[in-house]
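K.L.:
Data file data_38.txt (compact mmCIF, C-alpha atoms) is appended below.
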```txt
# COMPACT_ATOMS: atom_id res chain seq x y z
CA MET A 1 -9.89 191.49 -47.35
CA GLU A 2 -12.90 189.29 -47.97
CA LYS A 3 -12.88 187.60 -51.36
CA LEU A 4 -15.87 188.35 -53.52
CA PRO A 5 -17.65 185.44 -55.20
CA VAL A 6 -17.01 185.12 -58.91
CA ASP A 7 -19.26 182.20 -59.76
CA ASP A 8 -21.89 184.30 -61.46
CA ARG A 9 -19.53 186.57 -63.35
CA ASP A 10 -18.36 186.36 -66.88
CA GLN A 11 -14.67 185.80 -67.55
CA SER A 12 -13.91 189.43 -68.31
CA SER A 13 -15.34 190.59 -64.98
CA ALA A 14 -13.25 188.04 -63.07
CA ASP A 15 -10.16 189.21 -64.95
CA ILE A 16 -10.86 192.80 -63.97
CA GLU A 17 -11.27 191.83 -60.32
CA LYS A 18 -7.94 190.01 -60.42
CA SER A 19 -6.26 193.04 -61.99
CA GLU A 20 -7.70 195.42 -59.41
CA LYS A 21 -6.77 193.15 -56.50
CA SER A 22 -3.17 193.21 -57.71
CA VAL A 23 -3.25 196.97 -57.24
CA ILE A 24 -3.72 196.53 -53.49
CA ALA A 25 -0.36 194.81 -53.19
CA ASP A 26 1.47 197.31 -55.42
CA PRO A 27 3.32 199.84 -53.24
CA SER A 28 3.58 202.32 -56.12
CA ILE A 29 -0.21 202.79 -56.17
CA PRO A 30 -1.86 204.96 -53.49
CA SER A 31 -3.99 202.94 -51.07
CA LEU A 32 -7.73 202.63 -51.60
CA LEU A 33 -10.41 202.53 -48.96
CA PRO A 34 -12.44 199.29 -48.76
CA HIS A 35 -15.50 200.84 -50.41
CA GLU A 36 -13.30 202.11 -53.28
CA LEU A 37 -11.90 198.72 -54.24
CA TYR A 38 -14.95 197.34 -56.03
CA PRO A 39 -17.22 199.55 -58.15
CA PRO A 40 -20.89 199.07 -57.15
CA ASP A 41 -22.33 198.80 -60.70
CA GLU A 42 -25.58 200.30 -59.38
CA GLY A 43 -27.12 203.12 -57.38
CA LYS A 44 -28.53 206.58 -58.05
CA LYS A 45 -25.15 208.33 -58.07
CA ALA A 46 -23.70 205.79 -60.51
CA TRP A 47 -26.51 206.14 -63.06
CA LEU A 48 -26.69 209.92 -62.64
CA CYS A 49 -23.01 209.90 -63.54
CA VAL A 50 -23.93 208.01 -66.72
CA VAL A 51 -26.55 210.66 -67.54
CA GLY A 52 -24.11 213.49 -66.88
CA SER A 53 -21.35 211.81 -68.88
CA PHE A 54 -23.79 211.31 -71.77
CA CYS A 55 -24.50 215.05 -71.75
CA GLY A 56 -20.82 215.96 -71.43
CA ILE A 57 -19.79 213.70 -74.30
CA PHE A 58 -22.75 214.97 -76.37
CA VAL A 59 -21.36 218.52 -76.29
CA SER A 60 -17.65 217.62 -76.54
CA PHE A 61 -17.05 214.64 -78.82
CA GLY A 62 -20.47 215.15 -80.41
CA TYR A 63 -19.31 218.52 -81.71
CA ILE A 64 -16.19 216.87 -83.16
CA ASN A 65 -18.41 214.35 -84.96
CA VAL A 66 -19.77 217.13 -87.17
CA ILE A 67 -16.36 218.22 -88.49
CA GLY A 68 -17.38 217.01 -91.95
CA VAL A 69 -20.33 219.42 -91.98
CA PHE A 70 -18.16 222.41 -91.11
CA ASN A 71 -15.41 221.26 -93.49
CA GLU A 72 -17.77 221.13 -96.45
CA TYR A 73 -19.49 224.42 -95.53
CA TYR A 74 -16.22 226.32 -95.11
CA MET A 75 -14.84 225.05 -98.44
CA ALA A 76 -18.02 226.16 -100.21
CA ASN A 77 -18.39 229.53 -98.47
CA GLN A 78 -16.09 231.51 -96.12
CA LEU A 79 -12.89 229.61 -96.94
CA SER A 80 -13.51 228.73 -100.60
CA ASP A 81 -10.16 230.29 -101.59
CA TYR A 82 -8.22 227.78 -99.49
CA SER A 83 -7.18 224.24 -100.45
CA PRO A 84 -8.97 221.21 -98.87
CA SER A 85 -5.79 220.34 -96.97
CA THR A 86 -5.54 223.85 -95.49
CA VAL A 87 -9.19 223.90 -94.43
CA ALA A 88 -8.82 220.42 -92.94
CA TRP A 89 -6.22 221.76 -90.47
CA ILE A 90 -9.04 223.43 -88.52
CA SER A 91 -10.76 220.09 -87.97
CA SER A 92 -7.47 218.31 -87.35
CA ILE A 93 -6.37 220.80 -84.70
CA GLU A 94 -9.83 220.58 -83.14
CA THR A 95 -9.69 216.78 -82.95
CA PHE A 96 -6.06 216.77 -81.81
CA ILE A 97 -6.63 219.19 -78.93
CA LEU A 98 -9.77 217.36 -77.84
CA ILE A 99 -7.82 214.13 -77.42
CA PHE A 100 -4.11 214.94 -76.94
CA PRO A 101 -4.25 216.78 -73.57
CA GLY A 102 -5.87 213.67 -72.13
CA PHE A 103 -2.60 212.57 -70.54
CA ILE A 104 -2.43 215.91 -68.68
CA ILE A 105 -6.16 216.15 -67.97
CA GLY A 106 -6.21 212.50 -66.88
CA ARG A 107 -3.46 213.29 -64.39
CA LEU A 108 -5.39 216.33 -63.12
CA TYR A 109 -8.51 214.19 -62.86
CA ASP A 110 -6.69 211.62 -60.72
CA LEU A 111 -5.43 214.44 -58.49
CA TYR A 112 -8.49 216.71 -58.21
CA GLY A 113 -11.56 214.85 -59.49
CA PRO A 114 -13.90 215.75 -62.39
CA ARG A 115 -15.70 218.93 -61.33
CA MET A 116 -12.57 221.07 -61.14
CA LEU A 117 -12.08 220.35 -64.85
CA ILE A 118 -15.62 220.27 -66.25
CA VAL A 119 -16.65 223.74 -65.05
CA PRO A 120 -13.77 225.72 -66.69
CA GLY A 121 -14.04 223.42 -69.72
CA SER A 122 -17.70 224.35 -70.12
CA ILE A 123 -16.86 228.07 -70.13
CA LEU A 124 -14.17 227.63 -72.79
CA LEU A 125 -16.35 225.40 -74.95
CA LEU A 126 -19.24 227.86 -75.05
CA LEU A 127 -16.87 230.79 -75.60
CA GLY A 128 -15.38 228.99 -78.60
CA VAL A 129 -18.76 228.10 -80.11
CA PHE A 130 -20.18 231.61 -79.83
CA THR A 131 -17.02 233.23 -81.21
CA THR A 132 -17.09 230.76 -84.13
CA SER A 133 -20.55 232.09 -84.98
CA VAL A 134 -19.10 235.55 -85.70
CA SER A 135 -15.86 234.41 -87.37
CA LYS A 136 -15.13 235.28 -90.99
CA GLU A 137 -11.40 234.77 -91.55
CA TYR A 138 -9.31 231.60 -91.51
CA TYR A 139 -7.32 232.58 -88.42
CA GLN A 140 -10.56 233.38 -86.57
CA PHE A 141 -12.01 229.93 -87.25
CA MET A 142 -8.71 228.37 -86.23
CA LEU A 143 -8.58 230.23 -82.91
CA ALA A 144 -12.26 229.85 -82.04
CA GLN A 145 -13.05 226.35 -83.31
CA GLY A 146 -9.60 224.84 -83.62
CA PHE A 147 -8.28 225.92 -80.21
CA CYS A 148 -10.79 227.45 -77.77
CA THR A 149 -13.67 225.05 -78.41
CA SER A 150 -11.48 221.96 -78.39
CA ILE A 151 -9.61 222.84 -75.18
CA GLY A 152 -12.94 223.23 -73.42
CA ALA A 153 -14.26 220.01 -74.94
CA SER A 154 -11.20 218.10 -73.76
CA LEU A 155 -11.69 219.34 -70.20
CA ILE A 156 -15.22 217.89 -70.33
CA PHE A 157 -14.73 214.70 -72.33
CA ASN A 158 -11.85 213.08 -70.44
CA PRO A 159 -13.26 213.49 -66.88
CA CYS A 160 -16.62 212.08 -68.02
CA LEU A 161 -14.96 208.83 -69.10
CA GLY A 162 -12.71 208.67 -66.04
CA ALA A 163 -15.60 209.10 -63.63
CA LEU A 164 -17.59 206.25 -65.18
CA ALA A 165 -14.74 203.76 -64.81
CA GLY A 166 -14.82 204.22 -61.05
CA TRP A 167 -18.54 203.47 -60.75
CA PHE A 168 -18.77 200.37 -62.95
CA ARG A 169 -16.90 197.10 -63.41
CA ARG A 170 -19.18 194.28 -64.58
CA LYS A 171 -21.37 196.78 -66.45
CA ARG A 172 -18.50 199.03 -67.51
CA GLY A 173 -18.91 198.35 -71.23
CA ALA A 174 -22.64 199.05 -71.11
CA ALA A 175 -22.25 202.21 -69.01
CA MET A 176 -19.54 203.60 -71.27
CA GLY A 177 -21.50 202.62 -74.37
CA ILE A 178 -24.52 204.58 -73.13
CA ALA A 179 -22.39 207.61 -72.26
CA VAL A 180 -20.35 207.58 -75.47
CA SER A 181 -23.53 207.30 -77.53
CA GLY A 182 -24.04 210.93 -76.55
CA SER A 183 -21.43 211.86 -79.14
CA SER A 184 -23.39 210.02 -81.81
CA LEU A 185 -26.68 211.65 -80.86
CA GLY A 186 -24.94 215.01 -80.91
CA GLY A 187 -23.64 214.10 -84.36
CA VAL A 188 -27.23 213.46 -85.49
CA ILE A 189 -28.90 216.52 -84.01
CA MET A 190 -26.26 219.18 -84.64
CA PRO A 191 -25.83 218.65 -88.41
CA ILE A 192 -29.61 218.84 -88.91
CA MET A 193 -29.82 221.97 -86.75
CA PHE A 194 -26.93 223.50 -88.66
CA ARG A 195 -28.40 222.74 -92.07
CA GLU A 196 -31.97 223.85 -91.30
CA ILE A 197 -31.11 227.02 -89.36
CA THR A 198 -28.40 228.05 -91.84
CA ALA A 199 -30.96 227.89 -94.66
CA ARG A 200 -33.37 230.12 -92.73
CA SER A 201 -31.24 232.44 -90.59
CA GLY A 202 -27.64 232.08 -91.74
CA PHE A 203 -24.42 230.56 -90.42
CA GLY A 204 -24.12 232.73 -87.31
CA TRP A 205 -27.49 231.86 -85.81
CA ALA A 206 -27.08 228.19 -86.71
CA VAL A 207 -23.87 227.96 -84.65
CA ARG A 208 -25.36 230.03 -81.81
CA ALA A 209 -28.40 227.73 -81.66
CA ILE A 210 -26.03 224.78 -81.25
CA GLY A 211 -24.32 226.74 -78.47
CA PHE A 212 -27.59 227.26 -76.59
CA LEU A 213 -28.35 223.53 -76.84
CA MET A 214 -24.88 222.78 -75.48
CA ALA A 215 -25.40 225.14 -72.54
CA GLY A 216 -28.39 223.13 -71.30
CA MET A 217 -26.53 219.82 -71.61
CA ILE A 218 -23.48 221.26 -69.86
CA ILE A 219 -25.53 222.26 -66.80
CA VAL A 220 -26.65 218.64 -66.40
CA ALA A 221 -23.07 217.37 -66.74
CA CYS A 222 -21.74 219.84 -64.15
CA LEU A 223 -24.37 218.76 -61.62
CA THR A 224 -24.19 214.97 -62.04
CA VAL A 225 -20.68 213.84 -63.06
CA ASN A 226 -18.84 212.84 -59.90
CA SER A 227 -16.02 210.51 -58.86
CA ARG A 228 -16.38 207.59 -56.47
CA ILE A 229 -12.61 207.50 -55.86
CA ARG A 230 -10.95 210.05 -53.60
CA PRO A 231 -8.82 212.52 -55.56
CA ALA A 232 -5.15 211.84 -54.88
CA LYS A 233 -4.69 215.35 -53.47
CA SER A 234 -7.16 214.52 -50.70
CA MET A 235 -5.14 211.50 -49.52
CA PRO A 236 -2.62 211.51 -46.67
CA ALA A 237 0.90 212.55 -47.57
CA ASP A 238 2.28 209.03 -47.17
CA ASP A 239 -0.09 207.86 -49.94
CA SER A 240 -0.02 210.81 -52.32
CA HIS A 241 3.78 210.94 -52.55
CA HIS A 242 3.65 207.82 -54.71
CA PHE A 243 1.91 209.88 -57.39
CA ASN A 244 4.97 211.21 -59.20
CA MET A 245 5.75 211.86 -62.84
CA TYR A 246 7.65 208.60 -63.34
CA ASN A 247 4.84 206.43 -61.97
CA ALA A 248 2.25 208.39 -63.96
CA TYR A 249 3.85 208.58 -67.42
CA ILE A 250 6.88 206.29 -67.73
CA ALA A 251 6.14 203.22 -65.60
CA PRO A 252 3.01 202.20 -67.59
CA PHE A 253 5.18 201.59 -70.68
CA LYS A 254 6.95 198.75 -68.86
CA SER A 255 3.82 196.78 -69.76
CA LEU A 256 4.03 195.44 -73.30
CA GLN A 257 0.25 195.22 -73.45
CA PHE A 258 -0.18 198.88 -72.53
CA SER A 259 2.47 199.95 -75.06
CA LEU A 260 0.75 198.00 -77.84
CA VAL A 261 -2.63 199.54 -76.98
CA VAL A 262 -1.06 203.02 -77.14
CA LEU A 263 0.45 202.27 -80.56
CA SER A 264 -2.79 200.75 -81.84
CA MET A 265 -4.73 203.88 -80.85
CA PHE A 266 -2.40 205.98 -83.01
CA PHE A 267 -2.99 203.89 -86.13
CA ILE A 268 -6.74 203.55 -85.60
CA TYR A 269 -7.26 207.29 -85.13
CA TRP A 270 -4.92 207.98 -88.04
CA GLY A 271 -7.53 206.50 -90.34
CA LEU A 272 -10.79 206.64 -88.37
CA PHE A 273 -11.61 210.35 -88.75
CA ILE A 274 -10.86 210.51 -92.47
CA PRO A 275 -14.25 209.16 -93.67
CA ILE A 276 -16.02 211.29 -91.03
CA GLY A 277 -14.24 214.40 -92.31
CA TYR A 278 -14.51 213.67 -96.04
CA ILE A 279 -17.80 211.83 -96.56
CA PRO A 280 -19.66 215.05 -97.52
CA SER A 281 -17.05 216.31 -99.99
CA HIS A 282 -16.60 212.78 -101.41
CA ALA A 283 -20.37 212.61 -101.95
CA VAL A 284 -20.46 216.00 -103.67
CA ALA A 285 -17.68 214.82 -105.98
CA HIS A 286 -19.91 211.89 -106.97
CA GLY A 287 -23.08 213.83 -107.75
CA PHE A 288 -24.69 214.57 -104.37
CA SER A 289 -26.18 218.00 -103.78
CA GLU A 290 -24.52 219.99 -100.99
CA SER A 291 -27.64 219.77 -98.81
CA LEU A 292 -27.94 215.98 -99.18
CA SER A 293 -24.23 215.47 -98.56
CA LEU A 294 -24.48 217.17 -95.17
CA TYR A 295 -27.17 214.71 -94.10
CA LEU A 296 -24.68 211.87 -94.58
CA ILE A 297 -23.04 212.91 -91.30
CA ALA A 298 -26.43 212.66 -89.57
CA ILE A 299 -26.95 209.19 -91.08
CA LEU A 300 -23.48 208.11 -89.97
CA ASN A 301 -24.04 209.32 -86.43
CA ALA A 302 -27.56 207.89 -86.20
CA ALA A 303 -26.15 204.45 -87.00
CA SER A 304 -23.34 205.13 -84.55
CA VAL A 305 -25.85 205.46 -81.69
CA PHE A 306 -26.68 201.77 -82.08
CA GLY A 307 -23.03 200.99 -82.71
CA ARG A 308 -22.11 202.43 -79.33
CA LEU A 309 -24.99 201.00 -77.33
CA ILE A 310 -25.29 197.39 -78.52
CA PRO A 311 -21.58 196.43 -78.47
CA GLY A 312 -21.19 197.93 -75.00
CA PHE A 313 -23.67 195.41 -73.61
CA LEU A 314 -22.15 192.59 -75.66
CA ALA A 315 -18.65 193.48 -74.46
CA ASP A 316 -19.67 192.86 -70.86
CA LYS A 317 -20.93 189.40 -71.84
CA ILE A 318 -18.44 188.03 -74.37
CA GLY A 319 -15.37 190.19 -73.79
CA ARG A 320 -14.26 193.73 -74.60
CA PHE A 321 -11.28 192.74 -76.73
CA GLU A 322 -13.35 190.33 -78.82
CA VAL A 323 -16.00 192.96 -79.58
CA PHE A 324 -13.40 195.63 -80.35
CA ILE A 325 -11.48 193.40 -82.77
CA VAL A 326 -14.63 192.50 -84.71
CA ALA A 327 -15.76 196.15 -84.84
CA GLY A 328 -12.32 197.50 -85.78
CA VAL A 329 -11.69 194.97 -88.53
CA GLY A 330 -15.20 195.57 -89.85
CA THR A 331 -14.51 199.31 -89.95
CA GLY A 332 -11.29 198.89 -91.93
CA ILE A 333 -12.84 196.44 -94.37
CA LEU A 334 -15.80 198.75 -95.00
CA VAL A 335 -13.47 201.58 -96.00
CA LEU A 336 -11.55 199.40 -98.45
CA ALA A 337 -14.42 197.29 -99.78
CA LEU A 338 -17.28 199.81 -99.89
CA TRP A 339 -16.08 203.43 -99.66
CA LEU A 340 -13.15 202.90 -102.05
CA PRO A 341 -15.26 201.75 -105.03
CA ALA A 342 -18.44 203.68 -104.14
CA THR A 343 -19.61 206.21 -106.73
CA GLY A 344 -23.42 206.11 -106.63
CA HIS A 345 -25.93 207.40 -104.10
CA VAL A 346 -26.93 204.01 -102.70
CA PRO A 347 -23.44 202.64 -101.89
CA ILE A 348 -22.31 205.95 -100.38
CA ILE A 349 -25.38 206.22 -98.14
CA LEU A 350 -24.99 202.54 -97.20
CA PHE A 351 -21.34 203.11 -96.35
CA ALA A 352 -22.21 206.09 -94.13
CA ALA A 353 -24.67 203.97 -92.14
CA LEU A 354 -22.44 200.89 -91.81
CA TYR A 355 -19.34 202.91 -91.05
CA GLY A 356 -21.22 204.77 -88.33
CA PHE A 357 -22.24 201.48 -86.70
CA PHE A 358 -18.86 199.73 -86.83
CA SER A 359 -16.66 202.74 -86.05
CA GLY A 360 -19.00 203.70 -83.22
CA SER A 361 -18.64 200.19 -81.81
CA ALA A 362 -14.85 200.45 -81.80
CA VAL A 363 -14.83 203.90 -80.21
CA SER A 364 -17.26 202.92 -77.46
CA VAL A 365 -15.32 199.83 -76.37
CA MET A 366 -11.82 201.35 -76.40
CA PRO A 367 -12.21 203.20 -73.05
CA ALA A 368 -13.37 199.95 -71.43
CA ILE A 369 -10.28 198.18 -72.79
CA ALA A 370 -8.07 200.94 -71.39
CA ALA A 371 -9.76 200.57 -68.00
CA GLU A 372 -9.35 196.79 -68.13
CA ILE A 373 -5.55 197.00 -68.45
CA SER A 374 -5.16 199.85 -65.92
CA PRO A 375 -5.10 200.00 -62.10
CA ILE A 376 -8.28 201.73 -60.94
CA ARG A 377 -6.33 204.60 -59.33
CA GLU A 378 -4.54 205.32 -62.62
CA ILE A 379 -7.38 204.95 -65.11
CA GLY A 380 -7.57 208.69 -65.79
CA THR A 381 -3.86 209.07 -66.47
CA ARG A 382 -3.48 205.90 -68.53
CA TRP A 383 -6.55 206.61 -70.67
CA GLY A 384 -5.08 210.08 -71.19
CA ILE A 385 -1.82 208.60 -72.48
CA ILE A 386 -3.68 206.30 -74.86
CA SER A 387 -5.84 209.20 -76.06
CA ALA A 388 -2.79 211.40 -76.60
CA ALA A 389 -1.33 208.79 -78.93
CA GLY A 390 -4.61 208.66 -80.83
CA SER A 391 -4.69 212.43 -81.13
CA LEU A 392 -1.33 212.45 -82.93
CA GLY A 393 -2.89 210.19 -85.54
CA ALA A 394 -6.02 212.33 -85.76
CA LEU A 395 -3.92 215.52 -86.09
CA SER A 396 -2.04 214.31 -89.14
CA GLY A 397 -4.64 212.02 -90.69
CA LEU A 398 -7.04 214.60 -92.12
CA PRO A 399 -4.38 216.90 -93.67
CA ILE A 400 -2.60 213.88 -95.15
CA ALA A 401 -5.92 212.74 -96.60
CA GLY A 402 -6.53 216.24 -98.00
CA ALA A 403 -3.08 216.29 -99.59
CA ILE A 404 -3.72 212.86 -101.14
CA VAL A 405 -7.01 214.09 -102.60
CA SER A 406 -5.29 217.16 -104.08
CA SER A 407 -2.41 215.13 -105.53
CA ASN A 408 -4.91 212.75 -107.16
CA GLY A 409 -6.80 215.54 -108.88
CA GLY A 410 -9.76 215.50 -106.49
CA LYS A 411 -10.17 211.72 -106.48
CA TYR A 412 -10.53 209.86 -103.18
CA TRP A 413 -9.18 206.37 -103.87
CA GLY A 414 -5.79 207.07 -102.27
CA THR A 415 -7.41 208.53 -99.19
CA SER A 416 -9.63 205.46 -98.81
CA ILE A 417 -6.66 203.08 -98.99
CA PHE A 418 -4.67 205.11 -96.46
CA SER A 419 -7.62 205.20 -94.05
CA GLY A 420 -8.52 201.51 -94.31
CA ILE A 421 -4.98 200.18 -93.95
CA SER A 422 -4.27 202.42 -90.95
CA ILE A 423 -7.34 201.12 -89.11
CA LEU A 424 -6.47 197.48 -89.86
CA VAL A 425 -2.88 197.90 -88.63
CA GLY A 426 -4.27 199.21 -85.33
CA CYS A 427 -6.57 196.18 -85.09
CA VAL A 428 -3.63 193.80 -85.60
CA LEU A 429 -1.88 195.40 -82.62
CA ILE A 430 -4.97 195.06 -80.41
CA THR A 431 -5.23 191.41 -81.47
CA LEU A 432 -1.66 190.87 -80.23
CA VAL A 433 -2.67 192.31 -76.84
CA PHE A 434 -5.64 189.95 -76.74
CA ILE A 435 -3.38 186.96 -77.48
CA LEU A 436 -0.91 188.00 -74.77
CA ARG A 437 -3.70 188.31 -72.20
CA ARG A 438 -5.10 184.90 -73.05
CA ARG A 439 -1.65 183.34 -72.64
CA GLU A 440 -1.29 184.98 -69.24
CA GLN A 441 -4.68 183.67 -68.16
CA ARG A 442 -3.85 180.11 -69.23
CA ALA A 443 -0.46 180.28 -67.51
CA SER A 444 -2.04 181.44 -64.24
CA LYS A 445 -4.50 178.54 -64.08
```
Could the structure of this file be written out as structure tokens, please?

P.N.:
Amino acid sequence: MEKLPVDDRDQSSADIEKSEKSVIADPSIPSLLPHELYPPDEGKKAWLCVVGSFCGIFVSFGYINVIGVFNEYYMANQLSDYSPSTVAWISSIETFILIFPGFIIGRLYDLYGPRMLIVPGSILLLLGVFTTSVSKEYYQFMLAQGFCTSIGASLIFNPCLGALAGWFRRKRGAAMGIAVSGSSLGGVIMPIMFREITARSGFGWAVRAIGFLMAGMIIVACLTVNSRIRPAKSMPADDSHHFNMYNAYIAPFKSLQFSLVVLSMFFIYWGLFIPIGYIPSHAVAHGFSESLSLYLIAILNAASVFGRLIPGFLADKIGRFEVFIVAGVGTGILVLALWLPATGHVPIILFAALYGFFSGSAVSVMPAIAAEISPIREIGTRWGIISAAGSLGALSGLPIAGAIVSSNGGKYWGTSIFSGISILVGCVLITLVFILRRREQRASK
């Protein structure tokens, strides 16, 4: 195999090439064709995949980014008789199911490619959104929004990320940053649509309007998201037999770095979604009107667009771990230093904007980190395992936060401390991975 020149590449790109070359010599990884070894970083199909992934993430993770809007609306209207912790279970289940099945969906992606997952996911997502629009009881919201919508979103979100990793290497951070910014833009547009249409036409038509917007974006995703790597099921039998359950789910944990990344994802997601879910209700408790509080989610997500785009480009230049550590630590510090003491309009609005930027930066770079420590043939499965760990944190984080608020008589200081410390613990673990990788690089020179 001809060695590619690395003179004009940054250090992170050379490290990725070294990692992917090691895959060739690993007998447990199915063989790759020559054109599959090195992502092209360019071409019409590659950038159309970015466009399609942007649309897919807009409708999947973008919908999750407005959980605070639905949380606040349900507590003030249809579900006003339920406690904040009970209402929060809808959002927690929704977030959990979006992320947790990633280890299964990632495996299916590696076997069958993206389209076999995105099409049925689109049907389930739209079914869940339109049934949410006619829901009135707690169990109906839980089934429609908590389960149906999130299962469909997961079948869209995970393949979109997996497909991008196969098309890009040197520009992987930038490509993923562009695609993941779709969730932020969705989090800007959908809360405003919800607020304005609800005021004019009611809850049902507001949710249905969001569903119609999603349908158009989904069509683009179905037509443009494609994989450059052959699905494992299309390989000869002597290659595909290596793809067994042990290699897929157990063997990765032999790597200390991978195990630490998995654990860090749990702690980060344990705290990350708490401000997103409780910013509106926290603002109302400190004198905001209900209408103004809902716009905080739009402000957060508008800032997150820049937080996902800019660090993605920087990560390709100065290193993905370095950018993630700065963004993650900044996110945790903001929660403890700004959200915790905030009581007035200005500091709360400022927190929403800054938190959107820094948390968006961390979220956008994490998939690139997962790809950097994974063989290219196993990116889908390994990102799924990492996401599943994060989903366990997201599942329990919001209800725990709701219980803390209730136990403190409606005050949010305990929730802020829990959120900030959880995020910082996750950043410490990622920093350990960064140190281990640097030691390996020095030892190999």

K.L.:
For each of A:Pro341, A:Pro252, A:Gly56, A:Pro120, take the minimum atom-to-atom distance to Val220 in chain A, counting only C-alpha atoms, then give the residue where this is smallest.

P.N.:
A:Gly56

K.L.:
Tell me which protein, DNA and RNA residues are within 7 Å of Val188 in chain A, counting all atoms listed in the file, leaving out same-chain ones fewer than 4 positions away, and put them as a VMD selection string.

P.N.:
chain A and resid 184 192 298 301 to 302

K.L.:
Please dump the current selection as a PDB file, in the frame of the given file; keep C-alpha atoms.

P.N.:
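Result file is part_38.pdb:
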```
ATOM      1  CA  SER A 184     -23.390 210.020 -81.810  1.00  0.00           C
ATOM      2  CA  ILE A 192     -29.610 218.840 -88.910  1.00  0.00           C
ATOM      3  CA  ALA A 298     -26.430 212.660 -89.570  1.00  0.00           C
ATOM      4  CA  ASN A 301     -24.040 209.320 -86.430  1.00  0.00           C
ATOM      5  CA  ALA A 302     -27.560 207.890 -86.200  1.00  0.00           C
TER       6      ALA A 302
END
```

K.L.:
Go through A:Ile90, A:Ala179, A:Leu296, A:Met366 one by one, measure the shortest atom-to-atom distance of each to Phe58 in chain A using all atoms listed in the file, and give the residue with the smallest value.

P.N.:
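Nearest to Phe58 in chain A: A:Ala179.
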
K.L.:
Residues near range 272-289 of chain A, anyone? I mean within 6 Å using all atoms listed in the file, not counting same-chain ones fewer than 4 positions away, as a list in words.

P.N.:
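In the requested form, the answer reads Ile67, Gly68, Ile268, Ser293, Leu294, Thr343 and Leu398 of chain A.
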
K.L.:
Record the distance separating CA of Leu127 in chain A and CA of Thr224 in chain A, expressed in Å with one decimal.

P.N.:
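For CA of Leu127 in chain A relative to CA of Thr224 in chain A, the distance reads 22.1 Å.
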
K.L.:
Kindly indicate which residue among A:Ile435, A:Val134, A:Ala394, A:Val305 lies nearest to Val180 in chain A, using only C-alpha atoms for the distances.

P.N.:
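Selected residue with least distance to Val180 in chain A: A:Val305.
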